[in-house]
Amino acid sequence: MHDMRFNIPGKDLNLEPFALKIPDFQKKCEVMITDKGYKSRITNIVPLSDHERLFLLRIVDPHERELFNFRPGQFLMLEVPGYGEAPISISSSTSNHEFIEVCIRKAGHVTSALFEAKQGAMVSIRGPFGTSFPMEEMQGHSVLMVVGGLGIAPMRAPLFWIGNHRDRYKDVRLLYGAKEPSQLLFDYQFEEWQKVSNVDLLTIVEKPDDSWKGNVGLITALFDEFTLEPEDTYAIVCGPPIMFKFVCNHLDKRGIPMNRMFVSLERRMHCGMGKCCRCMVGSTFTCLDGPVFDYWSVMNLKEAI
Amino acid sequence: MKVDFDIDLHHLTRVEGHGNIHISVRDGRLAEAAWAVVETPRFFEAIVKGMSAERTPFLTSRICGICSISHTLASIRALERAMEIEAPESAILIRQLAMYGEHLQSHPLHLFFLAAPDFLGTPSALPLLHTHPEIVQAGLQLKGLGNEISSVTSGRCTHPVSLVLGGISKAPSKEQLADLRTKIADSQAALDRTTDFFRTLTIPDFVRETEFISLRPAEGYPSIGGDLVSTDGVVHDENDYLLMTNEYLTDSSTSKFTKVSRESSAAGALARFNNNADRLHSRAREVAASFGLEPVCHNPFMNNVAQLVECHQLMEDATLLIDRLLDMDLRDTRATWKPRAGKATGAVEAPRGILYHCMETDDDGKVVKADCIIPTTQNNANIHFDLHALAEQALREGRTEAETEKLCVTLVRSYDPCISCSVH
Amino acid sequence: MNHLGFKLDKVKVGSFDFTCCEGCQLQLANKESTLPEFLGLIDIRNFREISSERHDDYDIALVEGSITRSDEIERLKAIRAQAKVLVAFGTCACFGGVNSLKNRIPQEEAIREVYDGKKIETMPSMKISDIVEVDLSIPGCPVSKDEVERIMVGIVTRSAVSLPKYPVCVECKQKLNTCLFDLGEICLGPITRAGCDAVCPTGKTACLGCRGPAEDINFPSFEELVLDRKLSISDMKEKLGFYNGFGDYLDHES
Amino acid sequence: MIYKVISKPEFKAFIDAIVRVNNAYGPCQVEIDAKGKPIYQFKPVKSADEISFDYTVTHSSAKHFFLPFRDELSSFTFTDGNWEQEVRYDAPPTILIGLRPCDINAINILDDVMLHGPYPSPYYLARRKNTFIIGMDHLPLPDCFCKSMNRHTVNHGFNLFCSDIGDRYYLSINSANAFSFLKEFKIEEPSYEDNCNLIERRKSIKNSFETNVEVTGLPVFLDIEFDSPIWQKWGDKCLSCGSCAMVCPTCYCYSVEEKFDIDLKGSSRQNHLYSCNLVDFAQVAGGHNFRPRNGDRLKYRYYHHYRGFAANDNQQICVGCNRCGRACLANINPKDVINDLRLERESCTTCVSTSPEKT
Ligand SMILES: Cc1cc2nc3c(=O)[nH]c(=O)nc-3n(C[C@H](O)[C@H](O)[C@H](O)COP(=O)(O)OP(=O)(O)OC[C@H]3O[C@@H](n4cnc5c(N)ncnc54)[C@H](O)[C@@H]3O)c2cc1C
Ligand code: SF4
Ligand code: SF4
Ligand code: SF4
């Protein structure tokens, strides 16, 4: 810190500098406040499809690793030094303190650099940021999860959570749609979800290939496959904006109250801390007030969909 | 020994623009030696017609990327004289400083990047980064200094932004000027190191008597304006530039040729030195003497040395100028003016020699006629005849084709030709 | 840089000039403070202005200047055939530059004016993209070395290479300049692509639009502004026409 | 707060003494515009003579002393197979002289945004803590509307505030440091007359406002008018040049860029001030732009300023200095836009009120 001295010529003054010490933030707030991230190693890279990969990140410092706690639905800012940051949903179980999983689609510069990175590469993460799915509030009720494409990334955390506390929820149903069968990610986990977590999984694709035996069409077609008790059901919807518009509309008609439907929004983000204003929707920030919003708020947010 | 060979160099490298050398030797005798400029013409004199006087210097600046300040100031000088605009003294001094900046950028660029590899036998200056790091460093420091002077005085080092009709649109701050002064002082060591280094190089022995033309102002070393003089005793007023150029077209070049009293004449650092050695500061004089350079020197290879001598001169001049500027009020550096009809010439000493812009305006201040004569144009004929003489000398001395070729390209580069500029 | 587990190679660069002042190429040798590092990024394979060594195995071609003679078309096509990335380097290459002013007058007249009617081959000036496909444009008269450095680093590291989409005013305001419109002058800053750090308005001269139009500009509003302030339309046109970057807007008049 | 009075020459001596040895900025005349009016900016000063104490308003706000147009957030140094990150947020002590009440209020608003909430910004805090602010009141210009925004007076956020009461300044001293420096000069207890003069001065300032913008109920009103055609009407004028946001004392939206060092041995993450009016503000990977039209973007700036964002308690962040209106080349200013919106609603005609006179 620089010192500031006020020297008044002709007068012999020795005043204390007014520059104050910067208070220790780390003590005041539990969350990280500076630009400094947790250094993490990419310990494993799992190819999921041509454009999507799962990265396993391990925070290098054991203490920091312990400190990193998040809730399902939250995201982090993933920094690839030299290339920049991108907001990425955390795709692993909240109880997994060893690794953080992120599922990434190659979209631009940061994500492309990540795709070139090798196992062992060092990246940095800031976070967790944002709101989460109300896992406690949903207890004692049925949960309907509707996922389109890469929307599965933020959905894995709640899935893991439910798997760990399966007895607290009634019926749990996952509707999962994609363009092509190859874009249904994590198919290796389908069995686990169905058998171990007792999740009723329904999949559908728009463009089937020869080996596809399942449902064909848009995800809304799956709604005829089951009955639902609107008063007793919570819905979580993740996917492209156009999808959740249709889905939520449909669920609204089926009688699920708007404040029991949750969606995860995506916007351009630069800081993750509600400062840069890049992610504002209406008068809220996707990073602070979101990314998880209930549908009532989304309806009331200007330009949300 | 009867030899036959042809040297055909298309698009000579390490010069600005496109020029070709053609030498043909038959039966051990020189059959032909020619210098041809094949640059694509840009027709500046035609496109400037109808342009507002205010904008014209910005356009003519684009004649050359290396000496854009000279072009800008030549146009400004011509137009100010034509329209009787009087720029404030502070502005005139800042322009002068800008000129020094340009020379101090252009000379090191030529000496280190374009010429030095010839003397050291490398294809470019890039290997010197490893073999002569301290010299490259000195070169970069000097060139950087030149660029910085240009940026501070004119807003940017290439294509100046604040040199305008009537003065300077934004004067540098005193802090910037004081900072420049320190930087100049700090660069003296680099220049001395460079000078010592150049003393170790062998300058080819070649002499062809010619007429050297340059400006000669009322006082000081030539830069902006003055009488047009030659080593053959010619003296003309600035406006009579045509008598000093006598442009003519040749078949082989898109650039014109010029002459004064003889078949060719030369402009540039050596010409300025030959005509104005008496105006040099003692330090520059000593440096010249240490290279055995004295007026009138007829060895074109010595142009490199003359550039070095000028660097010494300009660093000193720049410091003196900054001292004057620091004592002046720099708030009002731009005079208001009204358009009017007129015609005048603006002559400046660009790094490569005298540059003329002649401008005629109408009542609305639009340019109706323009003529620009570029230093390299004034050197074309001299290069051409020098090549001839040099090739003959080389044959006499029994040099090989490769040696001859090397001498010829080194000769052309010694002129530091600015070819795209000569075809404007 | 191997914290990500991969190495970056130097890129092989060729620099070529056509009809122009060579000021943009010269910028490659400017900014002396970082020149050694800059040269560390690239492997110069072909650059007549500074090196006698010429190889034709470059990947990136920096092409400076506009096209005004038929032999230049062939040379340019050959460069395109070799280069993986062809960069239009500077305003002349991107838009035609000041050379395009000649297109307003009949070619014979221009030749008569300058060469007394001697036979000289020339044709209306064209920008590079009129002839070959351009992968990347770096506008500027001259180009800004900072931007060139940034883009070269971007190419070498395969990270972001893009130009600002917003206009010069943003940078100008950040320099705390007085707006030239307030001083009674027309400035093309509001419609010209930023990236030059507003050098011209900072030197208190109008932006002449050397970097061409910014993304999605509001030209009608700009014209309105000039009319509103009772500034000269002919002055506006002279400025818009200076570098040929605004040809599309000059043509359909309001 | 301690109140004192000081004679103008003595005040000048005080200012002179502190600016001589410190990194100080004050209003300076930088230009005379085409209409013959002076233009002021906050510039570095080394003596009191350089400061225009009687200035009207600076063209740009003092925001960039706290939120620089470009700022390094952190830097990385690459090592073999690894990297180190360094975050620095130290700020040199700085003195700002002559800030108007609205300018200080704007900084107080930035304090709310940057220092409250879950993620206080250390970069901002460092600068804020190390800046010594000397405020000065002034008579409003014809187009000032800070009174409408209730930002024409200020009672915190400065170290020292001076009210002009004729031949002396009435000082509100708000920091121990300010007080100890002032003690070395001739300051006096305010007399009864001084107090009266201060009240008179405040009254005269309050009564001098010529421009009024009706902002009561505006937040709700803006929500209702979200789809109003008025936005595109003004958007059609907007040049999307960002000038408004650059000069505004409270526009703080930014962009983050990361770039490699030229030797590729490190990189640096920087933020730079952006504007929601710039064309790619809401553009995401793949090219989709959430706000493709000028009108959508312009609307967002007004939303941020007059409706407020949840993140800062939905408070209106405009302080009514009209810098944006003055800087706008397309003649867009808050008063006209808001009145237009209200008129559209209240009379259902699209007539535009006359613009306030620019200064
Ligand atoms: C809350 C949230 C969660 C996300 N989760 C995932 C995920 O789990 N997996 C995944 O693959 N993608 C996810 N995304 C999208 C991902 O952030 C973008 O694809 C990514 O930023 C593209 O960055 P880039 O540098 O590769 O692209 P570029 O186009 O090069 O990015 C340039 C800049 O724009 C910003 N940007 C561009 N697009 C977006 C966008 N859609 N959202 C936010 N910022 C953007 C980036 O931060 C970057 O700074 C998420 C986005 C948000 C907002
Ligand atoms: S001077 Fe030009 S670039 Fe600067 S703000 Fe004004 S119009 Fe924009
Ligand atoms: S201000 Fe305009 S003319 Fe000047 S460099 Fe920038 S874009 Fe080019
Ligand atoms: S929006 Fe305009 S009037 Fe309001 S604070 Fe910003 S610049 Fe001032």
# chains A, B, ... in the order shown; residues from 1 in each chain; ligands from 1

call {"tool": "residues_near_ligand", "arguments": {"ligand": "ligand 3", "cutoff": "10 Å", "atoms": "only C-alpha atoms and all ligand atoms", "output": "compact mmCIF listing (two decimals) with C-alpha atoms, in the first residue's frame"}}
result
# COMPACT_ATOMS: atom_id res chain seq x y z
CA ARG B 156 1.13 8.94 -34.24
CA HIS B 159 0.53 9.25 -40.87
CA PRO B 160 0.48 12.12 -38.41
CA VAL B 161 -2.84 13.28 -37.01
CA THR C 91 -7.29 0.06 -45.01
CA PRO C 139 -8.18 -2.25 -40.95
CA GLY C 140 -6.38 0.97 -40.18
CA CYS C 141 -4.41 3.60 -42.03
CA PRO C 142 -1.96 2.56 -40.82
CA VAL C 143 -2.86 -0.55 -38.85
CA SER C 144 -2.40 -0.26 -35.12
CA PRO C 167 -17.58 2.71 -32.71
CA VAL C 168 -14.59 4.98 -32.05
CA CYS C 169 -16.58 7.26 -29.71
CA GLU C 171 -12.48 4.95 -26.97
CA CYS C 172 -12.60 8.68 -27.57
CA CYS C 187 -16.14 13.40 -37.05
CA LEU C 188 -16.84 9.90 -38.31
CA GLY C 189 -16.23 8.44 -34.86
CA PRO C 190 -19.86 7.50 -34.20
CA ILE C 191 -20.00 5.20 -37.20
CA THR C 192 -16.42 3.96 -37.47
CA ARG C 193 -15.15 0.73 -35.94
CA ALA C 194 -13.06 1.26 -32.82
CA GLY C 195 -9.70 -0.30 -32.15
CA CYS C 196 -7.34 2.57 -32.94
CA ASP C 197 -7.68 4.04 -29.46
CA ALA C 198 -9.29 7.06 -31.12
CA VAL C 199 -5.92 8.43 -32.20
CA CYS C 200 -7.32 11.05 -34.53
CA PRO C 201 -9.86 12.68 -32.22
CA THR C 202 -7.25 12.45 -29.47
CA GLY C 203 -4.97 14.50 -31.71
CA LYS C 204 -7.98 16.77 -32.20
CA THR C 205 -8.58 15.93 -35.82
CA ALA C 206 -11.68 14.30 -37.17
CA CYS C 207 -11.88 10.56 -37.59
CA LEU C 208 -11.97 9.90 -41.31
CA GLY C 209 -13.19 6.36 -40.91
CA CYS C 210 -10.07 4.46 -41.88
CA ARG C 211 -11.30 1.41 -39.99
CA GLY C 212 -14.56 1.26 -41.88
CA PRO C 213 -18.06 1.03 -40.47
CA ALA C 214 -18.69 -0.36 -37.00
CA LYS C 239 -14.77 12.42 -45.17
CA PHE C 242 -11.73 9.41 -48.03
CA TYR C 243 -10.91 5.76 -47.38

call {"tool": "residues_around", "arguments": {"residues": "B:Glu209", "least_positions_apart": "4", "cutoff": "12 Å", "atoms": "only C-alpha atoms", "output": "PyMOL selection string"}}
result
chain B and resi 231-232+262-266+296-300+382+385-386+389

call {"tool": "write_last_selection", "arguments": {"atoms": "C-alpha atoms", "output": "PDB file, in the first residue's frame"}}
result
ATOM      1  CA  THR B 231      27.157  21.598 -55.323  1.00  0.00           C
ATOM      2  CA  ASP B 232      27.499  22.953 -58.847  1.00  0.00           C
ATOM      3  CA  ARG B 262      24.367  17.420 -65.441  1.00  0.00           C
ATOM      4  CA  GLU B 263      22.957  14.149 -66.717  1.00  0.00           C
ATOM      5  CA  SER B 264      21.812  13.367 -63.172  1.00  0.00           C
ATOM      6  CA  SER B 265      21.820  14.725 -59.664  1.00  0.00           C
ATOM      7  CA  ALA B 266      21.504  13.320 -56.167  1.00  0.00           C
ATOM      8  CA  VAL B 296      32.024  17.343 -51.434  1.00  0.00           C
ATOM      9  CA  CYS B 297      32.043  13.566 -51.174  1.00  0.00           C
ATOM     10  CA  HIS B 298      31.135  11.747 -54.371  1.00  0.00           C
ATOM     11  CA  ASN B 299      30.963   8.212 -53.053  1.00  0.00           C
ATOM     12  CA  PRO B 300      27.237   7.281 -52.903  1.00  0.00           C
ATOM     13  CA  ASN B 382      21.715   9.079 -60.452  1.00  0.00           C
ATOM     14  CA  PHE B 385      24.106   6.117 -64.031  1.00  0.00           C
ATOM     15  CA  ASP B 386      25.856   5.009 -60.850  1.00  0.00           C
ATOM     16  CA  ALA B 389      29.699   3.226 -63.595  1.00  0.00           C
TER      17      ALA B 389
END

call {"tool": "closest_residue", "arguments": {"among": "B:Lys49, B:Arg29, B:Arg331, B:His236", "to": "chain D", "atoms": "only C-alpha atoms"}}
result
B:Arg331

call {"tool": "closest_atom_pairs", "arguments": {"of": "chain A", "to": "ligand 1", "cutoff": "8 Å", "atoms": "only C-alpha atoms and all ligand atoms", "output": "tab-separated table"}}
result
residue	atom	partner	partner_atom_place_in_ligand_line	distance
A:Glu52	CA	ligand 1	11 (O)	7.2
A:Gln74	CA	ligand 1	1 (C)	7.5
A:Phe75	CA	ligand 1	1 (C)	5.7
A:Leu76	CA	ligand 1	3 (C)	7.8
A:Tyr83	CA	ligand 1	25 (O)	7.6
A:Gly84	CA	ligand 1	49 (O)	6.4
A:Glu85	CA	ligand 1	47 (O)	5.6
A:Ala86	CA	ligand 1	21 (O)	4.0
A:Pro87	CA	ligand 1	17 (O)	4.2
A:Ile88	CA	ligand 1	5 (N)	3.5
A:Ser89	CA	ligand 1	8 (O)	3.9
A:Ile90	CA	ligand 1	8 (O)	6.4
A:Ser91	CA	ligand 1	8 (O)	6.9
A:Val102	CA	ligand 1	8 (O)	6.0
A:Cys103	CA	ligand 1	9 (N)	5.1
A:Ile104	CA	ligand 1	11 (O)	3.4
A:Arg105	CA	ligand 1	11 (O)	3.7
A:Lys106	CA	ligand 1	26 (O)	6.4
A:Ala107	CA	ligand 1	26 (O)	4.7
A:Gly108	CA	ligand 1	26 (O)	3.0
A:His109	CA	ligand 1	30 (O)	3.9
A:Val110	CA	ligand 1	25 (O)	3.6
A:Thr111	CA	ligand 1	26 (O)	3.7
A:Ser112	CA	ligand 1	26 (O)	5.9
A:Ala113	CA	ligand 1	26 (O)	7.8
A:Gly130	CA	ligand 1	1 (C)	7.7
A:Leu150	CA	ligand 1	9 (N)	6.9
A:Gly151	CA	ligand 1	8 (O)	7.8
A:Ala153	CA	ligand 1	8 (O)	5.1
A:Pro154	CA	ligand 1	8 (O)	6.1
A:Ser264	CA	ligand 1	1 (C)	7.3
A:Leu265	CA	ligand 1	1 (C)	6.5
A:Glu266	CA	ligand 1	53 (C)	3.9
A:Arg267	CA	ligand 1	42 (N)	4.3
A:Arg268	CA	ligand 1	44 (N)	3.2
A:Met269	CA	ligand 1	44 (N)	4.2
A:His270	CA	ligand 1	47 (O)	5.2
A:Cys279	CA	ligand 1	43 (C)	7.5
A:Thr286	CA	ligand 1	1 (C)	7.1
A:Cys287	CA	ligand 1	1 (C)	6.7
A:Gly290	CA	ligand 1	1 (C)	7.7
A:Pro291	CA	ligand 1	1 (C)	5.3

call {"tool": "residues_near_ligand", "arguments": {"ligand": "ligand 4", "cutoff": "9 Å", "atoms": "only C-alpha atoms and all ligand atoms", "output": "NGL selection string"}}
result
:D and (60-61 or 102-103 or 106 or 144-146 or 149 or 244-251 or 301-302 or 305-306 or 317-327 or 333-335)

call {"tool": "write_last_selection", "arguments": {"atoms": "C-alpha atoms", "output": "short mmCIF file (atom, residue, chain, number, x, y, z; two decimals), in the first residue's frame"}}
result
data_model
loop_
_atom_site.label_atom_id
_atom_site.label_comp_id
_atom_site.auth_asym_id
_atom_site.auth_seq_id
_atom_site.Cartn_x
_atom_site.Cartn_y
_atom_site.Cartn_z
CA SER D 60 -16.94 13.35 -17.98
CA SER D 61 -17.71 12.25 -14.48
CA CYS D 102 -24.56 14.79 -7.58
CA ASP D 103 -21.06 13.48 -8.32
CA ALA D 106 -23.08 8.95 -7.68
CA CYS D 144 -29.41 19.74 -14.44
CA PHE D 145 -32.21 17.66 -12.95
CA CYS D 146 -30.53 16.24 -9.87
CA MET D 149 -33.69 12.61 -8.53
CA CYS D 244 -23.62 8.27 -22.58
CA ALA D 245 -22.33 5.37 -20.54
CA MET D 246 -18.74 6.55 -20.71
CA VAL D 247 -19.49 9.99 -19.27
CA CYS D 248 -22.21 8.88 -16.83
CA PRO D 249 -21.13 8.85 -13.17
CA THR D 250 -23.05 5.67 -12.40
CA CYS D 251 -22.91 3.50 -15.52
CA ARG D 301 -29.99 1.69 -19.99
CA TYR D 302 -33.12 3.47 -18.88
CA HIS D 305 -31.09 3.90 -14.29
CA TYR D 306 -34.71 4.59 -13.48
CA ILE D 317 -29.08 5.04 -9.97
CA CYS D 318 -29.34 8.16 -12.11
CA VAL D 319 -28.26 11.26 -10.22
CA GLY D 320 -29.63 13.76 -12.72
CA CYS D 321 -26.42 15.38 -13.88
CA ASN D 322 -27.53 15.15 -17.53
CA ARG D 323 -24.00 14.35 -18.66
CA CYS D 324 -25.41 11.69 -20.93
CA GLY D 325 -27.82 14.19 -22.45
CA ARG D 326 -25.02 16.63 -23.11
CA ALA D 327 -22.71 14.03 -24.57
CA ASN D 333 -31.64 12.83 -22.93
CA PRO D 334 -33.41 11.39 -19.91
CA LYS D 335 -35.86 14.22 -19.63
#

call {"tool": "atom_distance", "arguments": {"atom1": "atom CA of D:Cys238", "atom2": "atom 7 (S, counted along the ligand's line) of ligand 2"}}
result
13.2 Å

call {"tool": "interface_residues", "arguments": {"of": "chain C", "to": "chain D", "cutoff": "7 Å", "atoms": "only C-alpha atoms", "output": "JSON, numbers by chain"}}
result
{"C": [1, 2, 3, 5, 37, 38, 153, 165, 166, 167, 169, 170, 173, 174, 176, 182, 183, 184, 190, 217, 218, 221, 225]}

call {"tool": "residues_around", "arguments": {"residues": "A:Gly177", "least_positions_apart": "6", "cutoff": "6 Å", "atoms": "only C-alpha atoms", "output": "list in words"}}
result
Gly148, Thr203, Ile204, Val205 and Ile219 of chain A

call {"tool": "residues_around", "arguments": {"residues": "stretch 53-70 of chain A", "least_positions_apart": "6", "cutoff": "6 Å", "atoms": "only C-alpha atoms", "output": "VMD selection string"}}
result
chain A and resid 39 to 47 99 to 104 128

call {"tool": "residues_around", "arguments": {"residues": "B:Arg81", "least_positions_apart": "5", "cutoff": "9 Å", "atoms": "only C-alpha atoms", "output": "JSON, numbers by chain"}}
result
{"B": [76, 86, 342, 343, 344, 345, 346]}

call {"tool": "write_last_selection", "arguments": {"atoms": "N, CA and C atoms", "output": "PDB file, in the first residue's frame"}}
result
ATOM      1  N   ILE B  76       1.427  21.035 -46.273  1.00  0.00           N
ATOM      2  CA  ILE B  76       1.008  22.133 -45.401  1.00  0.00           C
ATOM      3  C   ILE B  76       1.775  23.405 -45.767  1.00  0.00           C
ATOM      4  N   GLU B  86      -0.541  32.011 -41.678  1.00  0.00           N
ATOM      5  CA  GLU B  86       0.634  32.131 -40.822  1.00  0.00           C
ATOM      6  C   GLU B  86       0.441  31.276 -39.571  1.00  0.00           C
ATOM      7  N   GLY B 342      -4.572  30.669 -54.605  1.00  0.00           N
ATOM      8  CA  GLY B 342      -3.140  30.935 -54.560  1.00  0.00           C
ATOM      9  C   GLY B 342      -2.368  29.745 -55.070  1.00  0.00           C
ATOM     10  N   LYS B 343      -1.066  29.947 -55.185  1.00  0.00           N
ATOM     11  CA  LYS B 343      -0.240  28.844 -55.650  1.00  0.00           C
ATOM     12  C   LYS B 343       1.143  28.992 -55.040  1.00  0.00           C
ATOM     13  N   ALA B 344       1.690  27.923 -54.532  1.00  0.00           N
ATOM     14  CA  ALA B 344       3.038  28.000 -53.967  1.00  0.00           C
ATOM     15  C   ALA B 344       3.632  26.612 -53.842  1.00  0.00           C
ATOM     16  N   THR B 345       4.921  26.603 -53.576  1.00  0.00           N
ATOM     17  CA  THR B 345       5.626  25.344 -53.404  1.00  0.00           C
ATOM     18  C   THR B 345       6.029  25.191 -51.942  1.00  0.00           C
ATOM     19  N   GLY B 346       5.972  23.970 -51.472  1.00  0.00           N
ATOM     20  CA  GLY B 346       6.510  23.689 -50.157  1.00  0.00           C
ATOM     21  C   GLY B 346       7.617  22.673 -50.334  1.00  0.00           C
TER      22      GLY B 346
END

call {"tool": "interface_residues", "arguments": {"of": "chain C", "to": "chain B", "cutoff": "7 Å", "atoms": "only C-alpha atoms", "output": "list in words"}}
result
Thr19, Cys21, Glu22, Gly23, Glu32, Arg48, Glu49, Ile50, Ser51, Ser52, Glu53, Asn99, Leu101, Lys102, Ala110, Glu113, Val114, Pro142, Val199, Cys200, Gly203, Lys204 and Thr205 of chain C

call {"tool": "select_by_dssp", "arguments": {"residues": "stretch 18-241 of chain D", "states": "strand (DSSP E or B)", "output": "PyMOL selection string"}}
result
chain D and resi 24-32+38-45+58+70-79+82-86+94-99+131-136+160-164+168-173+187-188

call {"tool": "residues_around", "arguments": {"residues": "B:Cys408", "least_positions_apart": "2", "cutoff": "8 Å", "atoms": "only C-alpha atoms", "output": "compact mmCIF listing (two decimals) with all heavy atoms, in the first residue's frame"}}
result
# COMPACT_ATOMS: atom_id res chain seq x y z
N LEU B 387 24.87 2.86 -61.36
CA LEU B 387 24.90 1.42 -61.61
C LEU B 387 25.81 1.12 -62.78
O LEU B 387 26.60 0.18 -62.78
CB LEU B 387 23.49 0.90 -61.91
CG LEU B 387 22.62 0.54 -60.70
CD1 LEU B 387 21.23 0.13 -61.18
CD2 LEU B 387 23.24 -0.59 -59.88
N LEU B 390 29.41 1.75 -61.73
CA LEU B 390 29.85 0.75 -60.76
C LEU B 390 30.08 -0.60 -61.44
O LEU B 390 31.07 -1.28 -61.16
CB LEU B 390 28.80 0.61 -59.65
CG LEU B 390 29.17 -0.38 -58.53
CD1 LEU B 390 30.35 0.13 -57.72
CD2 LEU B 390 27.98 -0.60 -57.59
N ALA B 391 29.17 -0.95 -62.34
CA ALA B 391 29.32 -2.22 -63.03
C ALA B 391 30.60 -2.21 -63.86
O ALA B 391 31.34 -3.20 -63.91
CB ALA B 391 28.10 -2.48 -63.91
N THR B 404 29.56 -8.54 -58.25
CA THR B 404 29.00 -7.38 -58.92
C THR B 404 27.56 -7.15 -58.47
O THR B 404 27.15 -6.04 -58.15
CB THR B 404 29.04 -7.58 -60.45
OG1 THR B 404 30.34 -8.00 -60.80
CG2 THR B 404 28.67 -6.31 -61.17
N GLU B 405 26.84 -8.26 -58.43
CA GLU B 405 25.43 -8.14 -58.02
C GLU B 405 25.34 -7.56 -56.61
O GLU B 405 24.55 -6.67 -56.34
CB GLU B 405 24.77 -9.52 -58.07
CG GLU B 405 23.36 -9.47 -57.53
CD GLU B 405 22.61 -10.79 -57.68
OE1 GLU B 405 22.92 -11.55 -58.62
OE2 GLU B 405 21.72 -11.03 -56.85
N LYS B 406 26.20 -8.06 -55.74
CA LYS B 406 26.13 -7.60 -54.36
C LYS B 406 26.46 -6.11 -54.27
O LYS B 406 25.78 -5.35 -53.57
CB LYS B 406 27.12 -8.42 -53.52
CG LYS B 406 27.09 -8.01 -52.06
CD LYS B 406 27.61 -9.08 -51.14
CE LYS B 406 27.42 -8.64 -49.71
NZ LYS B 406 28.52 -7.89 -49.15
N THR B 410 23.86 -3.22 -52.99
CA THR B 410 24.30 -2.39 -51.85
C THR B 410 24.28 -0.92 -52.24
O THR B 410 23.88 -0.06 -51.47
CB THR B 410 25.72 -2.80 -51.40
OG1 THR B 410 25.74 -4.20 -51.22
CG2 THR B 410 26.10 -2.13 -50.10
N LEU B 411 24.68 -0.67 -53.49
CA LEU B 411 24.66 0.71 -53.97
C LEU B 411 23.24 1.26 -53.94
O LEU B 411 22.99 2.34 -53.39
CB LEU B 411 25.20 0.78 -55.41
CG LEU B 411 25.02 2.15 -56.04
CD1 LEU B 411 26.15 3.08 -55.64
CD2 LEU B 411 24.90 2.08 -57.55
N VAL B 412 22.32 0.50 -54.54
CA VAL B 412 20.95 1.01 -54.60
C VAL B 412 20.41 1.23 -53.19
O VAL B 412 19.81 2.25 -52.88
CB VAL B 412 20.04 0.07 -55.41
CG1 VAL B 412 18.60 0.56 -55.36
CG2 VAL B 412 20.52 -0.04 -56.84

call {"tool": "residues_around", "arguments": {"residues": "stretch 214-216 of chain B", "least_positions_apart": "4", "cutoff": "10 Å", "atoms": "only C-alpha atoms", "output": "PyMOL selection string"}}
result
chain B and resi 220-231+235-238+244+266-276+279+347-349+353-355+375

call {"tool": "atom_distance", "arguments": {"atom1": "atom CA of B:Lys338", "atom2": "atom CA of B:Leu325"}}
result
27.2 Å
